[in-house]
>>> print(open('final_32.csv').read())   # CSV, C-alpha atoms
chain,number,residue,atom,x,y,z
A,1,MET,CA,28.4,5.5,-11.6
A,2,ALA,CA,24.7,4.8,-11.0
A,3,ARG,CA,22.4,7.6,-10.0
A,4,PRO,CA,22.3,7.8,-6.2
A,5,ILE,CA,18.6,7.2,-5.7
A,6,CYS,CA,17.2,4.0,-4.2
A,7,VAL,CA,14.5,2.8,-1.8
A,8,TYR,CA,15.4,0.9,1.3
A,9,ILE,CA,12.8,-1.8,2.2
A,10,ASP,CA,12.9,-2.7,5.9
A,11,CYS,CA,11.8,-6.3,6.5
A,12,GLU,CA,12.1,-5.9,10.2
A,13,ALA,CA,9.7,-3.0,10.1
A,14,ALA,CA,7.3,-5.0,8.0
A,15,GLN,CA,7.4,-7.9,10.5
A,16,HIS,CA,6.9,-5.4,13.4
A,17,ASN,CA,3.8,-4.0,11.6
A,18,LEU,CA,2.3,-7.4,11.1
A,19,ARG,CA,2.7,-8.2,14.8
A,20,ARG,CA,1.2,-4.8,15.7
A,21,VAL,CA,-1.8,-5.5,13.5
A,22,ARG,CA,-2.3,-8.8,15.3
A,23,GLU,CA,-2.3,-6.9,18.6
A,24,MET,CA,-5.1,-4.7,17.3
A,25,ALA,CA,-7.3,-7.7,16.3
A,26,PRO,CA,-6.5,-10.5,18.7
A,27,GLY,CA,-8.0,-13.9,17.8
A,28,CYS,CA,-8.4,-13.0,14.1
A,29,TYR,CA,-6.8,-14.6,11.1
A,30,LEU,CA,-4.7,-12.2,9.1
A,31,MET,CA,-4.8,-12.0,5.3
A,32,ALA,CA,-1.9,-9.8,4.2
A,33,VAL,CA,-2.7,-7.7,1.1
A,34,VAL,CA,0.2,-7.7,-1.3
A,35,LYS,CA,-1.5,-6.7,-4.5
A,36,ALA,CA,0.1,-4.1,-6.8
A,37,ASN,CA,3.6,-5.5,-6.3
A,38,ALA,CA,3.1,-5.3,-2.5
A,39,TYR,CA,2.0,-1.7,-2.7
A,40,GLY,CA,5.1,-0.8,-4.7
A,41,HIS,CA,7.5,-2.4,-2.3
A,42,GLY,CA,8.3,-5.4,-4.4
A,43,ILE,CA,6.4,-8.7,-3.9
A,44,GLU,CA,9.6,-10.6,-4.1
A,45,ARG,CA,11.0,-8.6,-1.2
A,46,LEU,CA,7.9,-8.7,1.0
A,47,ALA,CA,6.7,-12.3,0.6
A,48,ASN,CA,9.1,-13.7,3.2
A,49,CYS,CA,8.8,-10.6,5.4
A,50,PHE,CA,5.1,-11.5,5.8
A,51,SER,CA,5.6,-15.2,6.3
A,52,GLU,CA,3.8,-14.9,9.7
A,53,ALA,CA,0.5,-14.0,7.9
A,54,ASP,CA,-2.2,-16.7,7.7
A,55,ALA,CA,-2.9,-15.9,4.1
A,56,PHE,CA,-2.1,-13.5,1.3
A,57,ALA,CA,-4.5,-11.5,-0.9
A,58,VAL,CA,-3.8,-10.4,-4.4
A,59,ALA,CA,-5.7,-8.8,-7.3
A,60,SER,CA,-5.0,-11.3,-10.1
A,61,VAL,CA,-3.9,-14.8,-11.0
A,62,GLU,CA,-0.6,-13.4,-12.2
A,63,GLU,CA,0.2,-12.0,-8.8
A,64,ALA,CA,-0.7,-15.3,-7.2
A,65,ILE,CA,1.7,-17.1,-9.6
A,66,ALA,CA,4.4,-14.7,-8.6
A,67,LEU,CA,3.9,-15.7,-4.9
A,68,ARG,CA,3.9,-19.4,-5.7
A,69,ASN,CA,7.0,-19.0,-7.7
A,70,LEU,CA,8.7,-17.5,-4.7
A,71,GLY,CA,7.8,-20.6,-2.7
A,72,VAL,CA,4.8,-19.2,-0.8
A,73,GLN,CA,2.6,-22.1,0.4
A,74,HIS,CA,0.1,-19.9,2.3
A,75,PRO,CA,-3.5,-19.7,1.1
A,76,ILE,CA,-3.8,-17.0,-1.5
A,77,VAL,CA,-7.1,-15.1,-2.1
A,78,LEU,CA,-8.0,-13.5,-5.5
A,79,LEU,CA,-9.8,-10.4,-4.3
A,80,GLU,CA,-11.4,-9.8,-7.7
A,81,GLY,CA,-11.8,-13.5,-8.5
A,82,VAL,CA,-11.1,-14.6,-12.1
A,83,PHE,CA,-11.6,-12.5,-15.1
A,84,HIS,CA,-12.0,-15.4,-17.6
A,85,ALA,CA,-13.2,-19.0,-17.2
A,86,HIS,CA,-9.8,-20.4,-18.4
A,87,GLU,CA,-8.2,-19.0,-15.3
A,88,LEU,CA,-10.1,-21.5,-13.2
A,89,GLU,CA,-7.5,-24.1,-14.2
A,90,ALA,CA,-4.8,-22.0,-12.7
A,91,VAL,CA,-6.9,-21.4,-9.6
A,92,LYS,CA,-7.3,-25.2,-9.2
A,93,ALA,CA,-3.6,-26.0,-9.9
A,94,LEU,CA,-2.2,-23.4,-7.6
A,95,GLY,CA,-4.8,-24.1,-4.8
A,96,LEU,CA,-6.0,-20.5,-4.8
A,97,GLN,CA,-9.2,-19.1,-3.1
A,98,MET,CA,-11.3,-16.7,-5.1
A,99,VAL,CA,-13.8,-14.0,-4.5
A,100,VAL,CA,-17.1,-14.3,-6.4
A,101,HIS,CA,-18.7,-10.9,-6.9
A,102,CYS,CA,-20.9,-11.2,-10.0
A,103,HIS,CA,-23.3,-13.6,-11.8
A,104,GLU,CA,-20.8,-14.2,-14.6
A,105,GLN,CA,-18.4,-15.8,-12.1
A,106,VAL,CA,-21.1,-17.9,-10.6
A,107,ALA,CA,-21.9,-19.2,-14.1
A,108,MET,CA,-18.2,-20.0,-14.7
A,109,LEU,CA,-18.2,-22.2,-11.6
A,110,ARG,CA,-21.6,-23.8,-12.4
A,111,ASN,CA,-20.2,-24.8,-15.8
A,112,ILE,CA,-17.3,-26.6,-14.2
A,113,GLY,CA,-19.7,-29.2,-12.9
A,114,ASP,CA,-17.3,-31.5,-11.1
A,115,ALA,CA,-15.6,-31.8,-7.7
A,116,SER,CA,-12.8,-29.4,-8.5
A,117,CYS,CA,-12.5,-28.3,-4.9
A,118,PHE,CA,-12.7,-24.5,-5.2
A,119,GLU,CA,-12.7,-22.4,-2.1
A,120,VAL,CA,-14.6,-19.2,-2.5
A,121,TRP,CA,-15.7,-16.0,-0.8
A,122,LEU,CA,-18.9,-14.3,-1.7
A,123,LYS,CA,-18.6,-10.5,-2.0
A,124,VAL,CA,-21.5,-8.5,-0.6
A,125,ASP,CA,-22.0,-5.0,-1.7
A,126,THR,CA,-23.0,-3.2,1.5
A,127,GLY,CA,-22.5,0.3,0.2
A,128,MET,CA,-19.2,0.6,-1.6
A,129,HIS,CA,-21.1,0.0,-4.9
A,130,ARG,CA,-18.1,-1.3,-6.7
A,131,LEU,CA,-18.0,-5.1,-6.6
A,132,GLY,CA,-20.4,-7.6,-5.0
A,133,PHE,CA,-24.0,-8.8,-4.8
A,134,SER,CA,-26.6,-6.7,-3.0
A,135,PRO,CA,-27.6,-7.8,0.4
A,136,GLU,CA,-31.0,-8.7,-1.0
A,137,GLU,CA,-29.6,-11.3,-3.4
A,138,ALA,CA,-26.5,-12.4,-1.5
A,139,VAL,CA,-28.3,-15.1,0.5
A,140,ALA,CA,-29.7,-16.9,-2.6
A,141,VAL,CA,-26.3,-16.7,-4.3
A,142,TRP,CA,-24.6,-18.1,-1.3
A,143,HIS,CA,-26.9,-21.1,-1.2
A,144,SER,CA,-26.4,-21.6,-5.0
A,145,LEU,CA,-22.7,-21.7,-4.5
A,146,ALA,CA,-22.9,-23.9,-1.5
A,147,GLU,CA,-24.8,-26.5,-3.5
A,148,MET,CA,-22.2,-26.7,-6.3
A,149,ALA,CA,-20.2,-29.9,-6.5
A,150,CYS,CA,-17.0,-27.9,-7.3
A,151,ILE,CA,-17.2,-25.9,-4.0
A,152,VAL,CA,-15.1,-27.5,-1.3
A,153,GLN,CA,-16.8,-25.9,1.7
A,154,PRO,CA,-19.5,-23.3,2.4
A,155,PRO,CA,-18.5,-20.0,0.9
A,156,GLY,CA,-17.1,-17.3,3.2
A,157,LEU,CA,-18.6,-13.8,3.2
A,158,MET,CA,-16.7,-10.6,2.4
A,159,THR,CA,-17.4,-6.9,2.1
A,160,HIS,CA,-15.4,-3.7,1.9
A,161,PHE,CA,-15.9,-0.5,3.8
A,162,ALA,CA,-16.1,2.7,1.7
A,163,SER,CA,-15.4,5.2,4.5
A,164,ALA,CA,-13.6,3.4,7.3
A,165,ASP,CA,-11.0,6.2,7.4
A,166,MET,CA,-13.8,8.6,8.2
A,167,VAL,CA,-14.5,7.5,11.8
A,168,ASP,CA,-17.7,9.5,12.2
A,169,SER,CA,-19.3,8.6,8.9
A,170,PRO,CA,-22.7,6.9,9.4
A,171,ALA,CA,-22.0,4.8,6.3
A,172,ASN,CA,-19.8,2.5,8.4
A,173,LYS,CA,-22.5,1.4,10.8
A,174,LYS,CA,-24.9,1.0,7.9
A,175,GLN,CA,-22.5,-1.2,6.1
A,176,GLN,CA,-21.9,-3.3,9.2
A,177,ALA,CA,-25.6,-3.7,9.8
A,178,LEU,CA,-26.3,-4.8,6.3
A,179,PHE,CA,-23.6,-7.4,6.4
A,180,ASP,CA,-24.8,-8.7,9.8
A,181,GLN,CA,-28.3,-9.1,8.3
A,182,VAL,CA,-26.9,-11.4,5.5
A,183,VAL,CA,-24.9,-13.4,8.1
A,184,ALA,CA,-28.0,-13.9,10.2
A,185,ALA,CA,-29.9,-15.3,7.3
A,186,LEU,CA,-27.3,-18.0,6.6
A,187,PRO,CA,-26.5,-21.3,8.4
A,188,SER,CA,-23.8,-20.6,11.0
A,189,PRO,CA,-20.9,-20.5,11.2
A,190,VAL,CA,-19.9,-18.5,8.2
A,191,ARG,CA,-16.3,-17.3,7.7
A,192,CYS,CA,-16.5,-13.5,7.6
A,193,SER,CA,-14.0,-10.8,6.4
A,194,LEU,CA,-14.9,-7.1,6.5
A,195,ALA,CA,-12.0,-5.1,8.0
A,196,ASN,CA,-9.4,-3.3,5.9
A,197,SER,CA,-6.7,-1.3,7.6
A,198,ALA,CA,-8.9,1.6,8.6
A,199,ALA,CA,-11.6,-0.7,10.0
A,200,ILE,CA,-9.0,-2.7,11.9
A,201,VAL,CA,-8.0,0.5,13.7
A,202,HIS,CA,-11.4,2.2,14.2
A,203,PHE,CA,-14.1,-0.5,14.3
A,204,PRO,CA,-13.2,-3.6,16.4
A,205,ALA,CA,-16.8,-4.9,15.9
A,206,SER,CA,-15.9,-5.4,12.2
A,207,HIS,CA,-12.9,-7.6,12.7
A,208,GLY,CA,-14.8,-10.9,12.1
A,209,ASP,CA,-12.9,-14.0,11.4
A,210,TRP,CA,-10.4,-12.6,8.9
A,211,ILE,CA,-8.9,-9.2,8.8
A,212,ARG,CA,-7.4,-7.8,5.5
A,213,PRO,CA,-4.7,-5.3,6.4
A,214,GLY,CA,-3.0,-3.5,3.5
A,215,VAL,CA,-1.3,-0.1,3.8
A,216,MET,CA,-0.8,-0.4,7.5
A,217,LEU,CA,1.5,-3.4,7.0
A,218,TYR,CA,3.8,-1.1,5.1
A,219,GLY,CA,3.9,1.4,8.0
A,220,VAL,CA,1.4,3.9,6.7
A,221,SER,CA,-1.6,5.1,8.7
A,222,PRO,CA,-4.9,4.4,7.0
A,223,SER,CA,-6.6,7.4,8.5
A,224,ALA,CA,-5.8,10.8,10.2
A,225,VAL,CA,-4.3,9.0,13.2
A,226,SER,CA,-0.5,9.3,12.9
A,227,THR,CA,1.7,6.3,12.1
A,228,GLU,CA,3.6,6.8,15.4
A,229,ALA,CA,0.4,6.8,17.4
A,230,LEU,CA,-0.5,3.4,15.8
A,231,GLY,CA,2.9,2.0,16.6
A,232,LEU,CA,3.7,1.4,13.0
A,233,LYS,CA,7.1,1.7,11.3
A,234,PRO,CA,7.7,2.8,7.7
A,235,VAL,CA,8.9,0.0,5.5
A,236,MET,CA,10.0,2.0,2.5
A,237,THR,CA,12.4,4.9,2.8
A,238,MET,CA,13.4,6.7,-0.5
A,239,VAL,CA,16.8,8.3,-0.5
A,240,THR,CA,19.1,10.2,-2.9
A,241,ARG,CA,21.9,12.7,-2.8
A,242,VAL,CA,22.7,16.3,-3.6
A,243,ILE,CA,24.3,16.5,-7.1
A,244,SER,CA,25.0,20.3,-7.3
A,245,VAL,CA,24.9,23.4,-5.1
A,246,LYS,CA,24.7,26.9,-6.5
A,247,THR,CA,23.8,30.5,-5.5
A,248,VAL,CA,20.7,32.1,-6.9
A,249,ASN,CA,20.5,35.9,-6.6
A,250,ALA,CA,17.5,37.8,-5.3
A,251,GLY,CA,15.0,38.2,-8.1
A,252,GLU,CA,16.2,35.2,-10.1
A,253,SER,CA,13.8,32.3,-10.7
A,254,VAL,CA,14.4,28.5,-10.5
A,255,GLY,CA,13.3,25.6,-12.7
A,256,TYR,CA,10.8,25.2,-15.5
A,257,GLY,CA,8.3,28.1,-15.9
A,258,GLY,CA,10.1,30.2,-13.3
A,259,ILE,CA,7.3,29.6,-10.8
A,260,TRP,CA,9.5,30.4,-7.8
A,261,THR,CA,11.6,33.5,-7.5
A,262,ALA,CA,14.2,34.1,-4.8
A,263,ASP,CA,13.4,37.0,-2.5
A,264,ARG,CA,17.0,37.1,-1.3
A,265,ASP,CA,20.3,35.6,-2.3
A,266,SER,CA,19.8,31.9,-1.8
A,267,ARG,CA,21.7,28.6,-1.8
A,268,ILE,CA,20.0,26.0,-3.9
A,269,ALA,CA,20.8,22.3,-3.8
A,270,ILE,CA,20.0,20.2,-6.9
A,271,ILE,CA,18.7,16.7,-5.9
A,272,ALA,CA,18.7,13.6,-8.0
A,273,ILE,CA,15.0,12.7,-7.9
A,274,GLY,CA,12.1,13.6,-10.2
A,275,TYR,CA,8.8,12.5,-11.6
A,276,GLY,CA,10.6,9.9,-13.7
A,277,ASP,CA,11.3,8.1,-10.4
A,278,GLY,CA,7.8,8.5,-9.1
A,279,TYR,CA,8.2,11.7,-7.2
A,280,PRO,CA,5.0,13.7,-7.8
A,281,ARG,CA,5.5,16.6,-10.3
A,282,HIS,CA,2.8,18.8,-8.8
A,283,VAL,CA,4.1,19.2,-5.3
A,284,PRO,CA,4.3,22.9,-4.4
A,285,SER,CA,7.3,25.0,-3.3
A,286,GLY,CA,7.7,24.5,0.4
A,287,THR,CA,7.3,20.7,0.4
A,288,PRO,CA,10.0,19.3,2.7
A,289,VAL,CA,12.8,16.9,2.2
A,290,LEU,CA,15.6,15.9,4.6
A,291,ILE,CA,19.1,16.9,3.8
A,292,ASN,CA,21.7,15.8,6.4
A,293,GLY,CA,18.7,15.0,8.6
A,294,MET,CA,17.4,18.5,8.5
A,295,GLN,CA,14.2,19.7,6.7
A,296,ALA,CA,14.5,22.1,3.8
A,297,PRO,CA,11.9,23.2,1.3
A,298,ILE,CA,11.6,22.3,-2.4
A,299,VAL,CA,11.5,25.4,-4.7
A,300,GLY,CA,10.3,25.5,-8.2
A,301,ARG,CA,8.8,22.8,-10.3
A,302,VAL,CA,9.7,19.1,-10.1
A,303,SER,CA,11.6,18.0,-13.2
A,304,MET,CA,11.8,14.5,-14.6
A,305,ASP,CA,15.1,13.8,-12.9
A,306,MET,CA,15.7,16.6,-10.5
A,307,ILE,CA,14.3,18.9,-7.8
A,308,CYS,CA,15.7,22.1,-6.4
A,309,VAL,CA,15.8,22.7,-2.6
A,310,ASP,CA,16.5,26.0,-0.8
A,311,VAL,CA,19.2,25.2,1.7
A,312,SER,CA,20.0,28.7,2.7
A,313,ALA,CA,18.9,28.1,6.3
A,314,LEU,CA,21.1,24.9,6.7
A,315,SER,CA,24.7,24.7,7.6
A,316,PRO,CA,26.9,24.2,4.5
A,317,VAL,CA,25.4,21.7,2.1
A,318,ASP,CA,27.8,20.0,-0.3
A,319,VAL,CA,27.6,17.7,-3.4
A,320,GLY,CA,27.1,14.1,-2.1
A,321,ASP,CA,25.2,15.0,1.0
A,322,PRO,CA,22.3,12.5,1.8
A,323,VAL,CA,18.7,13.3,1.1
A,324,VAL,CA,15.6,11.5,2.4
A,325,LEU,CA,12.4,12.0,0.3
A,326,TRP,CA,10.0,9.9,2.5
A,327,GLY,CA,9.9,7.1,5.0
A,328,LYS,CA,12.0,7.0,8.2
A,329,GLY,CA,12.3,10.6,9.5
A,330,LEU,CA,9.9,12.1,7.1
A,331,PRO,CA,6.4,10.5,6.9
A,332,ILE,CA,5.1,9.8,3.4
A,333,ALA,CA,1.8,11.3,4.6
A,334,LEU,CA,3.4,14.8,4.6
A,335,LEU,CA,4.3,14.5,0.9
A,336,ALA,CA,0.9,13.0,0.0
A,337,GLU,CA,-0.8,15.9,1.6
A,338,ALA,CA,1.4,18.4,-0.2
A,339,ALA,CA,0.7,16.6,-3.5
A,340,ASN,CA,-3.0,16.4,-2.8
A,341,THR,CA,-3.0,12.6,-3.1
A,342,ILE,CA,-2.7,9.6,-0.9
A,343,SER,CA,0.3,7.6,0.4
A,344,TYR,CA,-0.9,4.5,-1.6
A,345,GLU,CA,-0.4,6.3,-4.9
A,346,LEU,CA,3.1,7.4,-4.0
A,347,LEU,CA,4.2,4.0,-2.9
A,348,CYS,CA,2.7,2.3,-6.0
A,349,GLY,CA,4.1,5.0,-8.3
A,350,VAL,CA,7.8,4.3,-7.6
A,351,THR,CA,9.2,3.6,-11.1
A,352,LYS,CA,11.3,0.6,-12.2
A,353,ARG,CA,14.4,2.7,-12.6
A,354,VAL,CA,14.6,3.1,-8.8
A,355,PRO,CA,16.6,0.2,-7.3
A,356,GLY,CA,15.4,-1.4,-4.1
A,357,VAL,CA,17.6,-2.5,-1.2
A,358,LEU,CA,16.2,-5.1,1.2
A,359,ALA,CA,17.6,-3.6,4.4
A,360,SER,CA,17.0,-1.0,7.1
A,361,VAL,CA,18.0,2.5,6.0
A,362,PRO,CA,21.4,3.2,7.5
A,363,ASP,CA,21.8,6.1,10.0
A,364,SER,CA,24.3,7.7,7.6
A,365,TRP,CA,21.4,9.0,5.5
A,366,PHE,CA,20.4,11.3,8.4
A,367,HIS,CA,23.8,13.0,9.0
A,368,LYS,CA,26.3,15.0,7.0
A,369,PRO,CA,29.2,12.9,5.9
A,370,GLN,CA,32.4,13.6,7.8
A,371,GLN,CA,34.2,13.6,4.5
A,372,ARG,CA,32.9,15.0,1.3
A,373,ARG,CA,31.6,12.1,-0.9
A,374,VAL,CA,33.0,11.8,-4.4
A,375,MET,CA,30.2,11.3,-6.9
>>> encode(input="final_32.csv", output="structure tokens")
Amino acid sequence: MARPICVYIDCEAAQHNLRRVREMAPGCYLMAVVKANAYGHGIERLANCFSEADAFAVASVEEAIALRNLGVQHPIVLLEGVFHAHELEAVKALGLQMVVHCHEQVAMLRNIGDASCFEVWLKVDTGMHRLGFSPEEAVAVWHSLAEMACIVQPPGLMTHFASADMVDSPANKKQQALFDQVVAALPSPVRCSLANSAAIVHFPASHGDWIRPGVMLYGVSPSAVSTEALGLKPVMTMVTRVISVKTVNAGESVGYGGIWTADRDSRIAIIAIGYGDGYPRHVPSGTPVLINGMQAPIVGRVSMDMICVDVSALSPVDVGDPVVLWGKGLPIALLAEAANTISYELLCGVTKRVPGVLASVPDSWFHKPQQRRVM
């Protein structure tokens, strides 16, 4: 039999989140960010779930090809543009839009020299200091692009907030002001896109024409505001089962390195999940999981294929009992905080050996089975 671990991918939750995002930014076009295999959820699963989006955003031509192969006809934006000039043929053939963020990409387009009908976005570096032209040079570059025969319409403008999840950071207002200065120096109207998930939530003035929600579409809060408070629903729920239960006597240690020692006789459940599945190795003892719908703490070190959980405080736990690692009933943000990382990394880190099921997680994962499950 297969290992009992899997992730449930809830399409209805994804659709709910997309509609909730629209409520937060009324009147805006929505560009659903599905890069990195739809944040680890599986682009082949999420493409149809986000069919109500106005466009999709990806990081590479390969991701765009995957969407087109799935039958997606929406506009698709390459957030990093092209990496080589030969990719422009694929951009043209697939009808993709591309971000232009450096002089090398401008030169690639200039060398095309014909009416190839590329639709582009000019990236302005307003303070992230990652990709994009400085505000001082952006206006001249915009005009240079607009005059090219291969550009089908005036370029859009795009920037990215560095600290939108930090509501009180003065960097946010500074970035908005620099972007507005560039817009004011160009012929109007100019298509504008600034707001990532956190900016959608916290800075309505940044919504512009196009919003670019990413992690919030997957039911994860982009800031300290809880998922529930934002009205979002988790799309991914990771589940597995208990594969062994044993008694550990007081004074005995558990797992590699013996980093946790029982201070009393304890019942320990062995769970089929580990860093080989994408569960973070460095979470400390005390990190919660749900067993039969009840929280219990991990003890000892996470192994490649297993974790140990102290179930002494729970009613009898048996082999085959259901376990929830994150998602519905247990926000992924709790695990991310325990692991000293972010939810994005956990979602993207689910490994290929974990099968995905396109369905809502059944309620049976939150209750002890009436009959003992045969493994």
>>> closest_residue(input="final_32.csv", among="A:Leu178, A:Val201, A:Val91, A:Ala338", to="Ala229 (chain A)", atoms="all atoms listed in the file")
A:Val201
>>> closest_residue(input="final_32.csv", among="A:Ala47, A:Ala2, A:Val289, A:Met98", to="His74 (chain A)", atoms="all atoms listed in the file")
A:Ala47
>>> residues_around(input="final_32.csv", residues="Ala66 (chain A)", least_positions_apart="2", cutoff="12 Å", atoms="all atoms listed in the file", output="CSV table (one decimal) with C-alpha atoms, keeping the file's coordinate frame")
chain,number,residue,atom,x,y,z
A,34,VAL,CA,0.2,-7.7,-1.3
A,35,LYS,CA,-1.5,-6.7,-4.5
A,36,ALA,CA,0.1,-4.1,-6.8
A,37,ASN,CA,3.6,-5.5,-6.3
A,38,ALA,CA,3.1,-5.3,-2.5
A,42,GLY,CA,8.3,-5.4,-4.4
A,43,ILE,CA,6.4,-8.7,-3.9
A,44,GLU,CA,9.6,-10.6,-4.1
A,45,ARG,CA,11.0,-8.6,-1.2
A,46,LEU,CA,7.9,-8.7,1.0
A,47,ALA,CA,6.7,-12.3,0.6
A,56,PHE,CA,-2.1,-13.5,1.3
A,58,VAL,CA,-3.8,-10.4,-4.4
A,59,ALA,CA,-5.7,-8.8,-7.3
A,60,SER,CA,-5.0,-11.3,-10.1
A,61,VAL,CA,-3.9,-14.8,-11.0
A,62,GLU,CA,-0.6,-13.4,-12.2
A,63,GLU,CA,0.2,-12.0,-8.8
A,64,ALA,CA,-0.7,-15.3,-7.2
A,68,ARG,CA,3.9,-19.4,-5.7
A,69,ASN,CA,7.0,-19.0,-7.7
A,70,LEU,CA,8.7,-17.5,-4.7
A,71,GLY,CA,7.8,-20.6,-2.7
A,72,VAL,CA,4.8,-19.2,-0.8
A,73,GLN,CA,2.6,-22.1,0.4
A,76,ILE,CA,-3.8,-17.0,-1.5
A,94,LEU,CA,-2.2,-23.4,-7.6
>>> closest_residue(input="final_32.csv", among="A:Gly276, A:Pro297, A:Gly81, A:Pro75", to="Gly95 (chain A)", atoms="only C-alpha atoms")
A:Pro75
>>> atom_distance(input="final_32.csv", atom1="CA of Asn48 (chain A)", atom2="CA of Glu12 (chain A)")
10.9 Å
>>> closest_residue(input="final_32.csv", among="A:Asp305, A:Gln370, A:Ala32, A:Met238", to="Trp326 (chain A)", atoms="all atoms listed in the file")
A:Met238
>>> residues_around(input="final_32.csv", residues="Gly113 (chain A)", least_positions_apart="2", cutoff="8 Å", atoms="all atoms listed in the file", output="mmCIF file with C-alpha atoms, keeping the file's coordinate frame")
data_model
loop_
_atom_site.group_PDB
_atom_site.id
_atom_site.type_symbol
_atom_site.label_atom_id
_atom_site.label_comp_id
_atom_site.auth_asym_id
_atom_site.auth_seq_id
_atom_site.Cartn_x
_atom_site.Cartn_y
_atom_site.Cartn_z
ATOM 1 C CA LEU A 109 -18.200 -22.200 -11.600
ATOM 2 C CA ARG A 110 -21.600 -23.800 -12.400
ATOM 3 C CA ASN A 111 -20.200 -24.800 -15.800
ATOM 4 C CA ALA A 115 -15.600 -31.800 -7.700
ATOM 5 C CA MET A 148 -22.200 -26.700 -6.300
ATOM 6 C CA ALA A 149 -20.200 -29.900 -6.500
ATOM 7 C CA CYS A 150 -17.000 -27.900 -7.300
#
>>> closest_residue(input="final_32.csv", among="A:Ala296, A:Met158, A:Met24, A:Ile5", to="Arg241 (chain A)", atoms="only C-alpha atoms")
A:Ile5
>>> residues_near_point(input="final_32.csv", point="(23.8, 24.1, -1.7)", cutoff="8 Å", atoms="all atoms listed in the file", output="list in words")
Ser244, Val245, Lys246, Thr247, Arg267, Ile268, Ala269, Ile270, Asp310, Val311, Ser312, Pro316, Val317, Asp318 and Val319 of chain A
>>> atom_distance(input="final_32.csv", atom1="CA of Asp125 (chain A)", atom2="CA of Ala177 (chain A)")
12.1 Å
>>> residues_around(input="final_32.csv", residues="Gly257 (chain A)", least_positions_apart="3", cutoff="9 Å", atoms="all atoms listed in the file", output="PyMOL selection string")
chain A and resi 253-254+260+300-301
>>> atom_distance(input="final_32.csv", atom1="CA of Ile243 (chain A)", atom2="CA of Gly255 (chain A)")
15.3 Å
